[in-house]
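Some notes on the structure that comes next.
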Amino acid sequence: MLKSKTFVKKTRSGGVMKIVREHYLRDDIWCGSEACTECKQESTVLQKDACIESNLCSYPHYLIPDTNVVLHQIDVLEDPMIRNVIILQTVLQEVRHRSAPVYKRLKDIIHEKEKHFYTFTNEHRRETFIEREPGESANDRNDRAIRVAAKWYSQHLKMFESDTDGLKVVLLTNDQGNKQKAEESDLLVYKCEEYIKSLIANPELVDRLALSSDDKNEITSSKVLFPEHLPLSRIQAGIKSGSFLQGTFRASRDNYLEATVFVQGEGEDSTEVLIQGLQNLNRAVHQDVVAVQLLPRNQWVAPSSVVLQDEGTAKDDDVEEEEEEKALRISAAEAARKPTGKVVGIIKRNWRPFCGMLNVSQIKESTRHLFTPADRRIPRIRIETRQASTLAGQRIMVAIDGWPKHSRYPNGHFVRSLGGAGEKNTEEEVLLLEHDVPHQAFSQAVLSFLPKMPWAITPEDMVRREDLRHLTVCSVDPPGCTDIDDALHCRELENGNLEVGVHIADVSHFIRPGNALDKEAANRGTTVYLCGKRIDMVPELLSSNLCSLRSNVERLAFSCIWEMNHEAEILKTRFTKSVINSKASLTYAEAQMRIDDTTKNDDTTKSLRGLNKLAKILKRRRIEKGALTLSSLEVRFHMDSETHDPIDLQTKELMETNSMVEEFMLLANISVAQKIYDEFSECALLRKHPAPPPSNYDILLKAAKSKDVVIHTDSAKALADSLDVAKVDGFPYFNTLLRILATRCMMQAVYFCSGMDSDFHHYGLASPIYTHFTSPIRRYADIIVHRLLAVAIGADSTYPDLMDKHKQSALCNNLNYRHKMAQYAQRASVAFHTQLFFKSRGILNEEGFVLFVRKNAIIVLIPKFGLEGTVFFDGKDKTAPNLVYDEEGPTLTIEQHTFHIFDKVKVTISLDDSNIQHQKIRMALIDPVVRTDYSGLGFPTLTLSSLLVLLWLLFISLILA
C-alpha cells in the first residue's frame, strides 16, 4: 500500500519544484511474539510465557516504553531482569535523533538474544501508521503513534487469548498527559517508576531509576543556591550579539571552585575564560558546552594556587563556600589577572556514567548518600540507594540525572557495581571506562568479516601485487611483540646503489570499507597498551596472526622501496602491494648483537648493518635540518608470571637499532605523505605538529638561565642547536634534564585532512609534510592512508567517503580524541602499577633532581624510576615555615636553604593508601635537611597523574611520530 504526499518548494532561482514523498505500508509485518499464529513469522523474539514478577502486573506481559523512558531509563532497560520489550520504530527513530550514545546502547540491547527486545516497524504497518494532524506537534503525533501501536498489539494478542493465557501489553510512560490519554483508550499504562518499584524479584533495580522532575524536588532545599540558567533562545541571541561566549567547560583537578572555559576562535584567536566560585560555575560539569558572560575588567582575577578538593563530609545545601572562596580571592590578588566570567547557561550537557565510590551517610537508615567520582574534575553526586552497606568499599558507576538550582550537588542514580576498590581487574575496568576506551569483546557482526581459517594466499590476492618473498626481510621490535606492523630489508644492487624497503602489514586488504569490522576499527581508532595488557583495535586473528609480519610465514604487505646511494640520498621511490616472507623476527637487543658481532656475515646481518649505516646518515641529516632530539625516560615493568603484579622496574636503554627502525619509519611516512597529497590534494589524511607559542618556553629559558646557559627558541633548528651545546661542567645529567623540560613545552601532534587546513608543517621532525603509514595494525589513520596510497598506485578502488574531505575531517577528530584518551589510559595504568610496585616495598630512599620550583613546594624527578613527585613545605592545619619565593629565579628559600631548578636532592618514597580511591605516592626530603617548626607535616602527596613512567615513550610517539 502506497501513501503519497505532494507539495511544492521554491527553488533558489525563483522557480517552483514539485516534491512527492512516498511512504509504503504493509499488512504483513510480523509482531514478533511466539504466541501469534496469524503473522508470517520470520523469527520470534518475544516469549509466550513472558512473566516478570510484579505486584502491578501478575499476568504475562510485554512492555512498550515510550521515547522518554528509553532516553532516561536506559540503565534500567539494560538490566538482565527486564525482558520481552517491544521497541517501536517511532521510539527508535526519536532516540536516534536525540541521543547517539543512548541509541547505541539500545541497539546493543536489541542484539542481545537473551533480552528478547523486539523492534516493531509500526511506521510501515497499515494498522499502526498515522498521519500528523493539522496543528499537532511532532512530539504529540509520536506519542499518539505509540498509543496506537500499543492498542493494536493489545487487540492483536487478544485474538489468541486461549493460547496466551491472558498475555497483555503494558505501556510505560512518565508523561502525565500521555498516560491519561492511554488510560482513556483502555490501555494498560504505568509510570516507569511505579512499574519498577512493583517488581518483587529485584527490588534493588529501583536504585537504577533516573530521578524524575518530581523526585528531584523532593531532595533539594527551598533556598536558591545558583542563578537560573538562561533559556537557549536568550543564549543564542547573546552569542550572536557578542555579549555571551560559547565554549567547553574544563574543571580544575586541584580546585573544585575553579574552571576555565575554552572559547574556540579562528587560528590563534582562541581564548580561555577563568571561572571562580560556586555561583559563577553555576552547575556546569567538566566537558559541558556552556555560555559565559565576561565580568567587568575590574573583577578579573588570576588562577588560584590554592588546592581545594571537595572530599570532606557532605555540605548542606544552604552552606556557602565563604572561607574557601575567600582563600581564592586572597591568592588571586597576588598574580596577573586573566579574562574572568560566569556561566549563564548550558548549551549541551556531556554527561556520562562516572566511576567512583560511595560515601555512606552517617545518618542511620538514610537512603541518601554522596558519591565521589574517581575523576576529581567531576562534582560529587547525590544518589538514593538501599544497598549502601553492600556498595561500601566498591567501585561503582553513577549517572547524573539533573542539577536543580536549589541543590548543592547534582542528583543521580546508581548504574552498576564494578567490584572491590583496589582490586586489579576492577581498577583496570575503571581506567578504561573513565578514559572512554572501547574495550568490549568484538561482536559477532564484527567477527563475521574475518577471513575463514585456514587462510592462504590465493592467485586472486596476487593480482596487482609484487612477489618479494625472495628478499631477506626481517623485523625488529620490543621483546614480546606479537602485533608486528613493519619489516625491513637492505641489499646492494648491480649498479652499486642500495635498495632499501619498508614493508608494512597490508591490513586494508582484510578490512574493507564500510563493513562492521571497518566501523569498529574506526571507532576504536587505536590499540591501547596497558601494563601487561593490550586492548586491540582489530581482532586478534588479524593483530597477532594474519597481519603480523612474523618470521618464516608468507604475509601480505604494502611496501615502500627506495633506491639510494651510499650517502642515503634517495634516487628513486616506488610503492607496491607485495607478498613477503620475513627471515627473522628480532628484538632490538638481538638485532644490535648481530650488528656488533664481527663473526656474523649472513644475509640478515648484512642487511641490518646496511640499514644501520644509512639510518645514522639519515638521522644526522634530519637533525641538521632542525629536527628535535628530545630526551625521554622510558621505564619497563617486570611482571610476575603468575600474579602479573610488577616485581621490578628499570629505565630502558635505547640502542642504535631503536634509532635505525625509527629513521626508516619516519622516511616511509614522509614519502607516503607526499605521494598521497600529490594525488589527492583535498582529502589526504596527514599529521602535523604545530610550533609552540613563545610563552611555552618560559620555564625552559628560566631553567637554562639558572645555570648560565642560553637557549634560542626562534625555530626548531635554533632550539636543537642550543640543546646540543648546552652543558654544565661536573653535571653530565644537565643536558638530559633540559631536553625533558623542552619536551614539556611542545604542542600535541594531530591528524587533519589536507583540504581543511593550510599548515602542514611538523615542527618536531622539521618536515614540511608527514603522515602515519607504518602501523596499520594499531592505528586506524594508517588504514586510511593505505587506502589512499592503494588508489594512487592503481592497486585498489576508491569509495565516496575516502574522497569526502568533511567526512575525513570528522574521522580525524575522532582519531585525535581516541589517541589522546589512549595516552591518558596508559598513564593511569602506569600510575596504578607504580602503586602496586611501591605497596610491598615500604619506604625507599632515592636520589633525584628538582625539576620545578613552586611557591610552596619543589617537584622532584627520580631518574631511576622515571617518577616525578611533589614535596610540599606547607599543609592544611599546619604552621607553615618561612617560605620566600622568587619568581624570576625561580627559587624557593626555606629556613636558610634555597632550592633551584636542577638541584640534586635525596627523598624517601612510600605509598599513602589512606584514601583507597585516590592512593598517592608520598615523598619526603632527606637531603638537604631543612629544619622547620612543622615536624608533624609529613610532606604529603605525589599526584600520580604527574608520573613520568612511560609518559616519555608516549611523548616520543605523540610528538616525533
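As shown in the C-alpha cells, the chain order sets the letters A, B, ...; within each chain, residues go from 1, and ligands are also counted from 1 in the order they appear.
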Which stretch 540-595 of chain A residues have any atom within 8 Å of an atom of stretch 776-800 of chain A, and for each, what is the nearest pair of atoms with distance in Å to one decimal, counting only C-alpha atoms, rows sorted by chain and number, as a tab-separated table?
```
residue	atom	partner	partner_atom	distance
A:Leu542	CA	A:Ile777	CA	7.8
A:Ser543	CA	A:Ile777	CA	5.8
A:Cys547	CA	A:Ile777	CA	7.2
A:Ser548	CA	A:Ile777	CA	8.0
A:Phe558	CA	A:His786	CA	7.9
A:Phe575	CA	A:Ile793	CA	7.4
A:Thr576	CA	A:Ile793	CA	7.6
A:Lys577	CA	A:Ala795	CA	7.1
```
Using only N, CA and C atoms, please write the residues we just selected to a file, as a PDB file, in the first residue's frame.
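Result file part.pdb:
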```
ATOM      1  N   LEU A 542      43.702 -11.007  13.257  1.00  0.00           N
ATOM      2  CA  LEU A 542      44.453 -10.095  12.391  1.00  0.00           C
ATOM      3  C   LEU A 542      45.684  -9.535  13.105  1.00  0.00           C
ATOM      4  N   SER A 543      45.485  -9.014  14.332  1.00  0.00           N
ATOM      5  CA  SER A 543      46.564  -8.273  15.007  1.00  0.00           C
ATOM      6  C   SER A 543      47.767  -9.144  15.331  1.00  0.00           C
ATOM      7  N   CYS A 547      47.907 -10.488  10.011  1.00  0.00           N
ATOM      8  CA  CYS A 547      48.532  -9.214   9.638  1.00  0.00           C
ATOM      9  C   CYS A 547      49.904  -9.030  10.287  1.00  0.00           C
ATOM     10  N   SER A 548      50.252  -9.863  11.222  1.00  0.00           N
ATOM     11  CA  SER A 548      51.539  -9.731  11.913  1.00  0.00           C
ATOM     12  C   SER A 548      52.640 -10.335  11.047  1.00  0.00           C
ATOM     13  N   PHE A 558      52.371  -3.955   2.265  1.00  0.00           N
ATOM     14  CA  PHE A 558      52.383  -2.764   1.417  1.00  0.00           C
ATOM     15  C   PHE A 558      53.803  -2.218   1.557  1.00  0.00           C
ATOM     16  N   PHE A 575      56.103   2.449  -4.699  1.00  0.00           N
ATOM     17  CA  PHE A 575      55.202   1.820  -3.734  1.00  0.00           C
ATOM     18  C   PHE A 575      54.522   0.648  -4.419  1.00  0.00           C
ATOM     19  N   THR A 576      54.395  -0.456  -3.710  1.00  0.00           N
ATOM     20  CA  THR A 576      53.731  -1.622  -4.298  1.00  0.00           C
ATOM     21  C   THR A 576      53.094  -2.480  -3.221  1.00  0.00           C
ATOM     22  N   LYS A 577      51.938  -3.046  -3.560  1.00  0.00           N
ATOM     23  CA  LYS A 577      51.417  -4.116  -2.714  1.00  0.00           C
ATOM     24  C   LYS A 577      52.284  -5.336  -2.983  1.00  0.00           C
TER      25      LYS A 577
END
```
Give me the residues near A:Ser233 as number ranges by chain, where near means some atom within 12 Å (using only C-alpha atoms) and where sequence neighbours in that chain fewer than 5 positions away do not count. A: 238-240, 291, 345-347
I need the residues from that last selection saved to file as a PDB file, in the first residue's frame (with N, CA and C atoms), if you can.
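Below you can see selection-v9.pdb, which holds the result:
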```pdb
ATOM      1  N   GLY A 238      22.434  36.060  22.591  1.00  0.00           N
ATOM      2  CA  GLY A 238      23.591  36.670  23.251  1.00  0.00           C
ATOM      3  C   GLY A 238      24.903  36.323  22.570  1.00  0.00           C
ATOM      4  N   ILE A 239      25.022  35.075  22.094  1.00  0.00           N
ATOM      5  CA  ILE A 239      26.238  34.664  21.380  1.00  0.00           C
ATOM      6  C   ILE A 239      26.344  35.417  20.060  1.00  0.00           C
ATOM      7  N   LYS A 240      25.196  35.569  19.393  1.00  0.00           N
ATOM      8  CA  LYS A 240      25.169  36.273  18.098  1.00  0.00           C
ATOM      9  C   LYS A 240      25.560  37.740  18.264  1.00  0.00           C
ATOM     10  N   ALA A 291      27.534  28.657  27.942  1.00  0.00           N
ATOM     11  CA  ALA A 291      27.591  30.069  27.565  1.00  0.00           C
ATOM     12  C   ALA A 291      28.125  30.841  28.765  1.00  0.00           C
ATOM     13  N   GLY A 345      24.467  29.822  31.148  1.00  0.00           N
ATOM     14  CA  GLY A 345      23.569  28.802  30.616  1.00  0.00           C
ATOM     15  C   GLY A 345      24.331  27.597  30.093  1.00  0.00           C
ATOM     16  N   ILE A 346      23.605  26.486  29.955  1.00  0.00           N
ATOM     17  CA  ILE A 346      24.181  25.244  29.446  1.00  0.00           C
ATOM     18  C   ILE A 346      23.658  25.018  28.030  1.00  0.00           C
ATOM     19  N   ILE A 347      24.574  24.907  27.076  1.00  0.00           N
ATOM     20  CA  ILE A 347      24.185  24.666  25.690  1.00  0.00           C
ATOM     21  C   ILE A 347      24.061  23.165  25.429  1.00  0.00           C
TER      22      ILE A 347
END
```
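Backbone DSSP assigns helix (DSSP H, G or I) in stretch 455-574 of chain A to A:Val507, A:Ser508, A:His509, A:Phe510, A:Ala516, A:Leu517, A:Asp518, A:Lys519, A:Glu520, A:Ala521, A:Ala522, A:Asn523, A:Arg524, A:Glu540, A:Leu541, A:Leu542, A:Ser543, A:Ser544, A:Asn545, A:Leu546.
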Given the selection you just returned, output its residues as a file containing N, CA and C atoms, formatted as a PDB file, in the first residue's frame.
```
ATOM      1  N   VAL A 507      46.917  -4.399   6.187  1.00  0.00           N
ATOM      2  CA  VAL A 507      45.677  -4.575   6.960  1.00  0.00           C
ATOM      3  C   VAL A 507      44.456  -4.206   6.124  1.00  0.00           C
ATOM      4  N   SER A 508      44.602  -3.221   5.235  1.00  0.00           N
ATOM      5  CA  SER A 508      43.453  -2.770   4.446  1.00  0.00           C
ATOM      6  C   SER A 508      42.964  -3.844   3.478  1.00  0.00           C
ATOM      7  N   HIS A 509      43.779  -4.857   3.214  1.00  0.00           N
ATOM      8  CA  HIS A 509      43.331  -5.988   2.386  1.00  0.00           C
ATOM      9  C   HIS A 509      42.232  -6.772   3.108  1.00  0.00           C
ATOM     10  N   PHE A 510      42.347  -6.863   4.442  1.00  0.00           N
ATOM     11  CA  PHE A 510      41.406  -7.656   5.232  1.00  0.00           C
ATOM     12  C   PHE A 510      40.227  -6.839   5.747  1.00  0.00           C
ATOM     13  N   ALA A 516      31.158  -3.956   9.190  1.00  0.00           N
ATOM     14  CA  ALA A 516      31.136  -3.837  10.656  1.00  0.00           C
ATOM     15  C   ALA A 516      32.539  -3.839  11.253  1.00  0.00           C
ATOM     16  N   LEU A 517      33.450  -4.603  10.652  1.00  0.00           N
ATOM     17  CA  LEU A 517      34.837  -4.658  11.127  1.00  0.00           C
ATOM     18  C   LEU A 517      35.514  -3.299  10.937  1.00  0.00           C
ATOM     19  N   ASP A 518      35.281  -2.684   9.786  1.00  0.00           N
ATOM     20  CA  ASP A 518      35.865  -1.373   9.490  1.00  0.00           C
ATOM     21  C   ASP A 518      35.306  -0.309  10.431  1.00  0.00           C
ATOM     22  N   LYS A 519      33.999  -0.330  10.666  1.00  0.00           N
ATOM     23  CA  LYS A 519      33.368   0.673  11.539  1.00  0.00           C
ATOM     24  C   LYS A 519      33.862   0.538  12.970  1.00  0.00           C
ATOM     25  N   GLU A 520      34.055  -0.698  13.420  1.00  0.00           N
ATOM     26  CA  GLU A 520      34.553  -0.921  14.785  1.00  0.00           C
ATOM     27  C   GLU A 520      35.983  -0.407  14.928  1.00  0.00           C
ATOM     28  N   ALA A 521      36.826  -0.689  13.925  1.00  0.00           N
ATOM     29  CA  ALA A 521      38.219  -0.211  13.962  1.00  0.00           C
ATOM     30  C   ALA A 521      38.261   1.312  13.920  1.00  0.00           C
ATOM     31  N   ALA A 522      37.396   1.928  13.093  1.00  0.00           N
ATOM     32  CA  ALA A 522      37.347   3.395  13.000  1.00  0.00           C
ATOM     33  C   ALA A 522      36.920   4.010  14.322  1.00  0.00           C
ATOM     34  N   ASN A 523      35.980   3.367  15.014  1.00  0.00           N
ATOM     35  CA  ASN A 523      35.515   3.884  16.312  1.00  0.00           C
ATOM     36  C   ASN A 523      36.601   3.751  17.366  1.00  0.00           C
ATOM     37  N   ARG A 524      37.259   2.601  17.423  1.00  0.00           N
ATOM     38  CA  ARG A 524      38.319   2.391  18.421  1.00  0.00           C
ATOM     39  C   ARG A 524      39.530   3.280  18.142  1.00  0.00           C
ATOM     40  N   GLU A 540      42.124 -10.349  17.291  1.00  0.00           N
ATOM     41  CA  GLU A 540      43.440 -10.983  17.449  1.00  0.00           C
ATOM     42  C   GLU A 540      43.854 -11.798  16.232  1.00  0.00           C
ATOM     43  N   LEU A 541      42.891 -12.376  15.515  1.00  0.00           N
ATOM     44  CA  LEU A 541      43.233 -13.148  14.324  1.00  0.00           C
ATOM     45  C   LEU A 541      44.021 -12.296  13.337  1.00  0.00           C
ATOM     46  N   LEU A 542      43.702 -11.007  13.257  1.00  0.00           N
ATOM     47  CA  LEU A 542      44.453 -10.095  12.391  1.00  0.00           C
ATOM     48  C   LEU A 542      45.684  -9.535  13.105  1.00  0.00           C
ATOM     49  N   SER A 543      45.485  -9.014  14.332  1.00  0.00           N
ATOM     50  CA  SER A 543      46.564  -8.273  15.007  1.00  0.00           C
ATOM     51  C   SER A 543      47.767  -9.144  15.331  1.00  0.00           C
ATOM     52  N   SER A 544      47.530 -10.382  15.740  1.00  0.00           N
ATOM     53  CA  SER A 544      48.650 -11.237  16.166  1.00  0.00           C
ATOM     54  C   SER A 544      48.930 -12.389  15.208  1.00  0.00           C
ATOM     55  N   ASN A 545      48.129 -12.470  14.127  1.00  0.00           N
ATOM     56  CA  ASN A 545      48.327 -13.606  13.235  1.00  0.00           C
ATOM     57  C   ASN A 545      48.433 -13.155  11.779  1.00  0.00           C
ATOM     58  N   LEU A 546      47.309 -13.014  11.093  1.00  0.00           N
ATOM     59  CA  LEU A 546      47.329 -12.832   9.637  1.00  0.00           C
ATOM     60  C   LEU A 546      47.981 -11.532   9.183  1.00  0.00           C
TER      61      LEU A 546
END
```
Near stretch 654-671 of chain A, within 7 Å and counting only C-alpha atoms, which residues show up once chain neighbours fewer than 4 positions away are dropped, as a count of residues only? 17
